[in-house]
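Data file: input-v4.json. Format and content: JSON, C-alpha atoms.
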```
[["chain", "number", "residue", "atom", "x", "y", "z"],
["A", 9, "MET", "CA", 16.32, -3.81, 13.13],
["A", 10, "ALA", "CA", 15.15, -0.19, 13.12],
["A", 11, "ALA", "CA", 14.29, -0.46, 16.82],
["A", 12, "LEU", "CA", 17.79, -1.77, 17.57],
["A", 13, "LEU", "CA", 19.15, 1.39, 15.93],
["A", 14, "GLY", "CA", 16.82, 3.65, 17.91],
["A", 15, "PHE", "CA", 14.21, 4.38, 15.21],
["A", 16, "ALA", "CA", 10.48, 4.18, 16.00],
["A", 17, "PHE", "CA", 8.31, 3.90, 12.90],
["A", 18, "PRO", "CA", 4.55, 4.57, 12.87],
["A", 19, "GLN", "CA", 2.22, 1.67, 12.13],
["A", 20, "ASN", "CA", 1.85, 1.32, 8.37],
["A", 21, "PHE", "CA", -0.56, -1.61, 7.91],
["A", 22, "ASN", "CA", -3.48, -2.68, 10.05],
["A", 23, "GLN", "CA", -5.04, -5.90, 8.69],
["A", 24, "PRO", "CA", -6.28, -4.14, 5.51],
["A", 25, "TYR", "CA", -7.94, -7.16, 3.90],
["A", 26, "ARG", "CA", -10.55, -7.38, 6.65],
["A", 27, "SER", "CA", -11.99, -4.05, 5.50],
["A", 28, "ALA", "CA", -15.69, -3.89, 4.66],
["A", 29, "SER", "CA", -15.33, -0.76, 2.51],
["A", 30, "LEU", "CA", -12.70, 0.98, 0.39],
["A", 31, "ARG", "CA", -12.69, 3.89, 2.84],
["A", 32, "ASP", "CA", -11.78, 1.51, 5.65],
["A", 33, "PHE", "CA", -9.22, -0.19, 3.39],
["A", 34, "TRP", "CA", -7.36, 3.08, 2.89],
["A", 35, "ARG", "CA", -7.40, 3.67, 6.63],
["A", 36, "ARG", "CA", -5.60, 0.35, 7.06],
["A", 37, "TRP", "CA", -3.42, 0.03, 3.92],
["A", 38, "HIS", "CA", -0.12, 1.92, 3.64],
["A", 39, "MET", "CA", -1.38, 4.23, 6.38],
["A", 40, "THR", "CA", 1.48, 6.71, 6.20],
["A", 41, "LEU", "CA", 0.81, 7.27, 2.48],
["A", 42, "SER", "CA", -2.95, 7.46, 3.08],
["A", 43, "PHE", "CA", -2.48, 10.12, 5.76],
["A", 44, "TRP", "CA", -0.12, 12.05, 3.48],
["A", 45, "LEU", "CA", -2.63, 12.00, 0.61],
["A", 46, "ARG", "CA", -5.37, 13.09, 3.01],
["A", 47, "ASP", "CA", -3.40, 15.91, 4.68],
["A", 48, "TYR", "CA", -1.58, 17.30, 1.64],
["A", 49, "LEU", "CA", -4.00, 16.65, -1.25],
["A", 50, "TYR", "CA", -7.55, 15.82, -0.17],
["A", 51, "ILE", "CA", -7.94, 18.40, 2.61],
["A", 52, "PRO", "CA", -6.22, 21.29, 0.72],
["A", 53, "LEU", "CA", -8.55, 20.56, -2.22],
["A", 54, "GLY", "CA", -11.50, 21.15, 0.09],
["A", 55, "GLY", "CA", -12.06, 17.73, 1.60],
["A", 56, "SER", "CA", -15.70, 16.90, 2.19],
["A", 57, "HIS", "CA", -16.87, 20.39, 3.20],
["A", 58, "ARG", "CA", -17.92, 21.79, -0.18],
["A", 59, "GLY", "CA", -20.81, 19.62, -1.23],
["A", 60, "SER", "CA", -21.10, 16.08, -2.58],
["A", 61, "VAL", "CA", -20.04, 16.94, -6.15],
["A", 62, "ARG", "CA", -16.88, 18.72, -5.00],
["A", 63, "THR", "CA", -16.15, 15.94, -2.52],
["A", 64, "SER", "CA", -16.40, 13.34, -5.29],
["A", 65, "ALA", "CA", -14.09, 15.40, -7.49],
["A", 66, "ASN", "CA", -11.60, 15.76, -4.62],
["A", 67, "LEU", "CA", -11.56, 12.00, -4.05],
["A", 68, "LEU", "CA", -10.98, 11.32, -7.75],
["A", 69, "ILE", "CA", -8.21, 13.91, -8.04],
["A", 70, "THR", "CA", -6.49, 12.64, -4.88],
["A", 71, "MET", "CA", -6.49, 9.01, -6.01],
["A", 72, "LEU", "CA", -5.43, 9.89, -9.56],
["A", 73, "LEU", "CA", -2.47, 11.84, -8.20],
["A", 74, "GLY", "CA", -1.78, 8.97, -5.78],
["A", 75, "GLY", "CA", -1.61, 6.64, -8.78],
["A", 76, "LEU", "CA", 0.71, 8.95, -10.70],
["A", 77, "TRP", "CA", 2.91, 9.25, -7.63],
["A", 78, "HIS", "CA", 3.74, 5.56, -8.08],
["A", 79, "GLY", "CA", 4.79, 5.97, -11.70],
["A", 80, "ALA", "CA", 4.15, 7.91, -14.92],
["A", 81, "ALA", "CA", 2.20, 5.18, -16.71],
["A", 82, "MET", "CA", -1.41, 4.60, -17.77],
["A", 83, "LYS", "CA", -1.67, 1.51, -15.55],
["A", 84, "PHE", "CA", -1.13, 3.66, -12.44],
["A", 85, "VAL", "CA", -3.66, 6.21, -13.71],
["A", 86, "MET", "CA", -6.21, 3.41, -14.13],
["A", 87, "TRP", "CA", -5.39, 2.05, -10.67],
["A", 88, "GLY", "CA", -5.94, 5.46, -9.10],
["A", 89, "ALA", "CA", -9.10, 6.07, -11.16],
["A", 90, "LEU", "CA", -10.62, 2.74, -10.11],
["A", 91, "HIS", "CA", -9.98, 3.40, -6.43],
["A", 92, "GLY", "CA", -11.18, 6.98, -6.72],
["A", 93, "GLY", "CA", -14.32, 5.91, -8.56],
["A", 94, "GLY", "CA", -14.93, 3.15, -6.03],
["A", 95, "LEU", "CA", -14.61, 5.58, -3.13],
["A", 96, "VAL", "CA", -17.07, 7.95, -4.81],
["A", 97, "LEU", "CA", -19.65, 5.23, -5.52],
["A", 98, "GLU", "CA", -19.53, 3.71, -2.05],
["A", 99, "ARG", "CA", -19.36, 7.02, -0.15],
["A", 100, "PRO", "CA", -23.12, 7.21, 0.62],
["A", 101, "PHE", "CA", -22.99, 3.63, 1.98],
["A", 102, "SER", "CA", -19.48, 3.33, 3.45],
["A", 103, "GLU", "CA", -20.51, 3.94, 7.07],
["A", 104, "ARG", "CA", -23.34, 1.42, 6.78],
["A", 105, "LEU", "CA", -20.96, -1.13, 5.23],
["A", 106, "GLU", "CA", -18.40, -0.68, 7.99],
["A", 107, "ASN", "CA", -21.04, -1.13, 10.73],
["A", 108, "THR", "CA", -22.86, -4.10, 9.20],
["A", 109, "ARG", "CA", -22.75, -7.49, 10.90],
["A", 110, "GLY", "CA", -23.21, -11.16, 10.09],
["A", 111, "ILE", "CA", -23.48, -12.43, 6.54],
["A", 112, "PHE", "CA", -23.78, -8.90, 5.16],
["A", 113, "ARG", "CA", -20.40, -7.96, 6.62],
["A", 114, "VAL", "CA", -18.87, -11.11, 5.15],
["A", 115, "MET", "CA", -20.27, -10.13, 1.74],
["A", 116, "ALA", "CA", -18.95, -6.55, 2.13],
["A", 117, "VAL", "CA", -15.47, -7.80, 3.07],
["A", 118, "LEU", "CA", -15.41, -10.22, 0.12],
["A", 119, "LEU", "CA", -16.58, -7.54, -2.30],
["A", 120, "THR", "CA", -13.94, -5.08, -1.07],
["A", 121, "PHE", "CA", -11.22, -7.75, -1.16],
["A", 122, "HIS", "CA", -11.98, -8.79, -4.73],
["A", 123, "PHE", "CA", -12.24, -5.21, -5.96],
["A", 124, "VAL", "CA", -8.86, -4.37, -4.42],
["A", 125, "CYS", "CA", -7.30, -7.51, -5.91],
["A", 126, "LEU", "CA", -8.74, -6.62, -9.33],
["A", 127, "THR", "CA", -7.11, -3.18, -9.16],
["A", 128, "TRP", "CA", -3.77, -4.78, -8.24],
["A", 129, "LEU", "CA", -3.73, -6.21, -11.77],
["A", 130, "PHE", "CA", -3.32, -2.68, -13.12],
["A", 131, "PHE", "CA", -0.72, -1.84, -10.48],
["A", 132, "HIS", "CA", 1.54, -4.87, -10.90],
["A", 133, "ALA", "CA", 1.26, -5.66, -14.63],
["A", 134, "GLU", "CA", 4.09, -4.52, -16.88],
["A", 135, "ASP", "CA", 1.77, -2.52, -19.15],
["A", 136, "MET", "CA", -1.89, -2.16, -20.12],
["A", 137, "GLU", "CA", -1.61, -4.91, -22.73],
["A", 138, "SER", "CA", -0.61, -7.33, -19.98],
["A", 139, "VAL", "CA", -3.60, -6.17, -17.91],
["A", 140, "TRP", "CA", -6.02, -7.08, -20.70],
["A", 141, "LEU", "CA", -4.36, -10.49, -21.11],
["A", 142, "TYR", "CA", -4.81, -11.13, -17.39],
["A", 143, "LEU", "CA", -8.46, -10.03, -17.53],
["A", 144, "GLN", "CA", -9.15, -12.21, -20.56],
["A", 145, "SER", "CA", -7.67, -15.23, -18.82],
["A", 146, "ILE", "CA", -9.71, -14.89, -15.62],
["A", 147, "THR", "CA", -13.12, -13.82, -16.94],
["A", 148, "PRO", "CA", -14.06, -16.77, -19.18],
["A", 149, "LEU", "CA", -12.85, -20.01, -17.63],
["A", 150, "LYS", "CA", -10.37, -20.92, -20.33],
["A", 151, "LEU", "CA", -8.39, -24.15, -20.21],
["A", 152, "GLY", "CA", -5.16, -23.48, -18.38],
["A", 153, "SER", "CA", -6.32, -20.15, -16.94],
["A", 154, "PHE", "CA", -5.60, -21.35, -13.42],
["A", 155, "ALA", "CA", -2.32, -23.10, -14.09],
["A", 156, "GLN", "CA", -0.70, -20.97, -11.37],
["A", 157, "VAL", "CA", -3.13, -22.25, -8.73],
["A", 158, "THR", "CA", -1.46, -25.02, -6.73],
["A", 159, "PRO", "CA", -2.19, -26.37, -3.24],
["A", 160, "PHE", "CA", 0.89, -24.51, -1.99],
["A", 161, "THR", "CA", -0.23, -21.13, -3.37],
["A", 162, "LEU", "CA", -3.78, -21.69, -2.12],
["A", 163, "GLY", "CA", -2.37, -22.50, 1.31],
["A", 164, "LEU", "CA", -0.30, -19.31, 1.34],
["A", 165, "ILE", "CA", -3.35, -17.27, 0.31],
["A", 166, "ALA", "CA", -5.48, -18.88, 3.02],
["A", 167, "ILE", "CA", -2.83, -18.18, 5.68],
["A", 168, "GLY", "CA", -2.35, -14.61, 4.46],
["A", 169, "ILE", "CA", -6.08, -13.87, 4.57],
["A", 170, "GLY", "CA", -6.52, -15.63, 7.89],
["A", 171, "LEU", "CA", -3.82, -13.49, 9.53],
["A", 172, "HIS", "CA", -5.98, -10.42, 8.84],
["A", 173, "PHE", "CA", -8.65, -11.74, 11.21],
["A", 174, "VAL", "CA", -6.58, -12.69, 14.24],
["A", 175, "SER", "CA", -6.63, -10.51, 17.32],
["A", 176, "ARG", "CA", -4.31, -7.50, 17.15],
["A", 177, "ASN", "CA", -2.73, -8.49, 20.48],
["A", 178, "MET", "CA", -2.02, -12.06, 19.33],
["A", 179, "PRO", "CA", 1.80, -11.61, 19.65],
["A", 180, "GLU", "CA", 1.39, -10.53, 23.27],
["A", 181, "ARG", "CA", -0.97, -13.43, 23.97],
["A", 182, "ILE", "CA", 1.46, -15.93, 22.44],
["A", 183, "ALA", "CA", 4.33, -14.45, 24.46],
["A", 184, "ALA", "CA", 2.26, -14.97, 27.62],
["A", 185, "PHE", "CA", 1.85, -18.74, 27.03],
["A", 186, "PRO", "CA", 3.56, -20.71, 29.84],
["A", 187, "VAL", "CA", 5.55, -22.78, 27.32],
["A", 188, "VAL", "CA", 6.95, -19.61, 25.79],
["A", 189, "GLN", "CA", 7.66, -18.08, 29.18],
["A", 190, "ARG", "CA", 9.63, -21.17, 30.25],
["A", 191, "ALA", "CA", 11.47, -21.64, 26.94],
["A", 192, "PRO", "CA", 15.26, -20.98, 27.05],
["A", 193, "ASP", "CA", 16.67, -18.11, 25.05],
["A", 194, "TRP", "CA", 18.28, -20.38, 22.46],
["A", 195, "ALA", "CA", 14.90, -22.02, 21.70],
["A", 196, "LEU", "CA", 13.22, -18.65, 21.18],
["A", 197, "ALA", "CA", 16.10, -17.54, 18.94],
["A", 198, "LEU", "CA", 15.82, -20.78, 16.94],
["A", 199, "ALA", "CA", 12.04, -20.35, 16.52],
["A", 200, "PHE", "CA", 12.55, -16.75, 15.40],
["A", 201, "GLY", "CA", 15.20, -17.83, 12.88],
["A", 202, "ILE", "CA", 12.90, -20.51, 11.45],
["A", 203, "CYS", "CA", 10.10, -17.94, 11.05],
["A", 204, "VAL", "CA", 12.45, -15.58, 9.21],
["A", 205, "LEU", "CA", 13.55, -18.41, 6.87],
["A", 206, "MET", "CA", 9.91, -19.35, 6.17],
["A", 207, "ILE", "CA", 9.06, -15.75, 5.29],
["A", 208, "ASP", "CA", 12.12, -15.52, 3.05],
["A", 209, "ALA", "CA", 11.21, -18.80, 1.32],
["A", 210, "ALA", "CA", 7.68, -17.53, 0.59],
["A", 211, "GLY", "CA", 8.99, -14.39, -1.16],
["A", 212, "PRO", "CA", 10.43, -13.96, -4.66],
["A", 213, "SER", "CA", 14.06, -14.79, -5.29],
["A", 214, "GLY", "CA", 16.61, -11.98, -5.56],
["A", 215, "VAL", "CA", 16.28, -8.38, -4.46],
["A", 216, "ALA", "CA", 13.03, -6.68, -5.46],
["A", 217, "PRO", "CA", 13.67, -3.48, -7.47],
["A", 218, "PHE", "CA", 12.77, -0.19, -5.83],
["A", 219, "ILE", "CA", 9.27, 0.46, -7.18],
["A", 220, "TYR", "CA", 9.64, 4.23, -7.53],
["A", 221, "PHE", "CA", 12.61, 3.95, -9.92],
["A", 222, "GLN", "CA", 10.04, 3.35, -12.66],
["A", 223, "PHE", "CA", 8.65, 6.86, -12.39]]
```
Show the structure stored in the file as structure tokens.
Amino acid sequence: MAALLGFAFPQNFNQPYRSASLRDFWRRWHMTLSFWLRDYLYIPLGGSHRGSVRTSANLLITMLLGGLWHGAAMKFVMWGALHGGGLVLERPFSERLENTRGIFRVMAVLLTFHFVCLTWLFFHAEDMESVWLYLQSITPLKLGSFAQVTPFTLGLIAIGIGLHFVSRNMPERIAAFPVVQRAPDWALALAFGICVLMIDAAGPSGVAPFIYFQF
């Protein structure tokens, strides 16, 4: 819709859940925010040019402020602290993680994915008390802990993760299929409408509140 109105937006997400390190995750997730944090917080603080201790402090400060930018609450502070601490701890190994191959890369991707998902608990929970309730329910395998897990939700998760590993030019490759090339305009419009309805059906009902109103 923005393109129809003449607006060209920069790419904002680039298959972030295929990242093998937190550093690579923040290069792929919410890229416009990541670049803003880098250019206006991390680099002015000194970046990585003033020794390892100062670099670690700069990473922590940047992510803490990035957390506070989302809202004035302890849960956002914890979210920023976890990501900042993770970036500091993995920094000596991040390049090796990103260049690893085979089973080791699979393990690195899984570790990064689960760490990021764990931090989302702090981000999305209503308050810190809710965070601890979530953590208590998923650490020991209590009866009923996985009541939300259904074949439908597992299928959505599998599709969502799988889409992070398809080729970046997949839309162009699909558009080049002979059946798509020969399809009439009404069929393409119908297929597009069905896709939009499927995406809408997979989302929450109602209009999501603007996240930054909670600051």
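Note that atom CA of Arg104 of chain A and atom CA of Asn66 of chain A are 21.8 Å apart.
We find atom CA of Glu134 of chain A and atom CA of Met86 of chain A to be spaced 13.3 Å apart.
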When distances are computed from all atoms listed in the file, which of A:Leu49, A:Ala209, A:Val124, A:Ala80 shows the smallest separation from Leu67 of chain A? A:Leu49
Taking (-4.6, 8.5, -2.1) in the coordinates of the supplied file, I want to know which residues reach to within 9 Å of it, counting only C-alpha atoms; could you give the answer as a PDB file with C-alpha atoms, keeping the file's coordinate frame?
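Produced file result.pdb, reproduced below:
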```pdb
ATOM      1  CA  TRP A  34      -7.360   3.080   2.890  1.00  0.00           C
ATOM      2  CA  LEU A  41       0.810   7.270   2.480  1.00  0.00           C
ATOM      3  CA  SER A  42      -2.950   7.460   3.080  1.00  0.00           C
ATOM      4  CA  PHE A  43      -2.480  10.120   5.760  1.00  0.00           C
ATOM      5  CA  TRP A  44      -0.120  12.050   3.480  1.00  0.00           C
ATOM      6  CA  LEU A  45      -2.630  12.000   0.610  1.00  0.00           C
ATOM      7  CA  ARG A  46      -5.370  13.090   3.010  1.00  0.00           C
ATOM      8  CA  LEU A  49      -4.000  16.650  -1.250  1.00  0.00           C
ATOM      9  CA  TYR A  50      -7.550  15.820  -0.170  1.00  0.00           C
ATOM     10  CA  LEU A  67     -11.560  12.000  -4.050  1.00  0.00           C
ATOM     11  CA  LEU A  68     -10.980  11.320  -7.750  1.00  0.00           C
ATOM     12  CA  ILE A  69      -8.210  13.910  -8.040  1.00  0.00           C
ATOM     13  CA  THR A  70      -6.490  12.640  -4.880  1.00  0.00           C
ATOM     14  CA  MET A  71      -6.490   9.010  -6.010  1.00  0.00           C
ATOM     15  CA  LEU A  72      -5.430   9.890  -9.560  1.00  0.00           C
ATOM     16  CA  LEU A  73      -2.470  11.840  -8.200  1.00  0.00           C
ATOM     17  CA  GLY A  74      -1.780   8.970  -5.780  1.00  0.00           C
ATOM     18  CA  GLY A  75      -1.610   6.640  -8.780  1.00  0.00           C
ATOM     19  CA  GLY A  88      -5.940   5.460  -9.100  1.00  0.00           C
ATOM     20  CA  HIS A  91      -9.980   3.400  -6.430  1.00  0.00           C
ATOM     21  CA  GLY A  92     -11.180   6.980  -6.720  1.00  0.00           C
TER      22      GLY A  92
END
```
Could you please determine the separation between atom CA of Phe131 of chain A and atom CA of Ala81 of chain A in Å, to one decimal place? 9.8 Å
Nearest-residue call for Gly94 of chain A, choices A:Thr127, A:Asn177, A:Thr40, A:Thr158, using only C-alpha atoms: A:Thr127
Selection near Pro100 of chain A, 12 Å with only C-alpha atoms, sequence-local residues under 6 positions removed, as a PyMOL selection string: chain A and resi 29+31+60+63-64+94+106
Could you pull the residues within 10 Å of Ile169 of chain A, counting all atoms listed in the file, minus those fewer than 6 positions along the same chain, as a PyMOL selection string? chain A and resi 23-26+121+163
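Counting all atoms listed in the file, segment 15-22 of chain A has the following residues at most 7 Å away, ignoring those fewer than 6 positions along the same chain: Arg36, Trp37, His38, Met39 and Thr40 of chain A.
Omitting Ile207 of chain A and its sequence neighbours fewer than 6 positions away, and counting only C-alpha atoms, the residues within 12 Å are Leu164, Gly168, Phe200, Gly201 and Ser213 of chain A.
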If we count only C-alpha atoms, what is near Leu119 of chain A at a cut-off of 12 Å, once residues fewer than 2 positions away on the same chain are taken out, given as JSON, numbers by chain? {"A": [25, 26, 27, 28, 29, 30, 33, 94, 98, 105, 112, 113, 114, 115, 116, 117, 121, 122, 123, 124, 125, 126]}
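For the choices A:Phe101, A:Phe185, A:Trp87, A:Trp194, the atom-to-atom distance to Met136 of chain A is smallest for A:Trp87 when using all atoms listed in the file.
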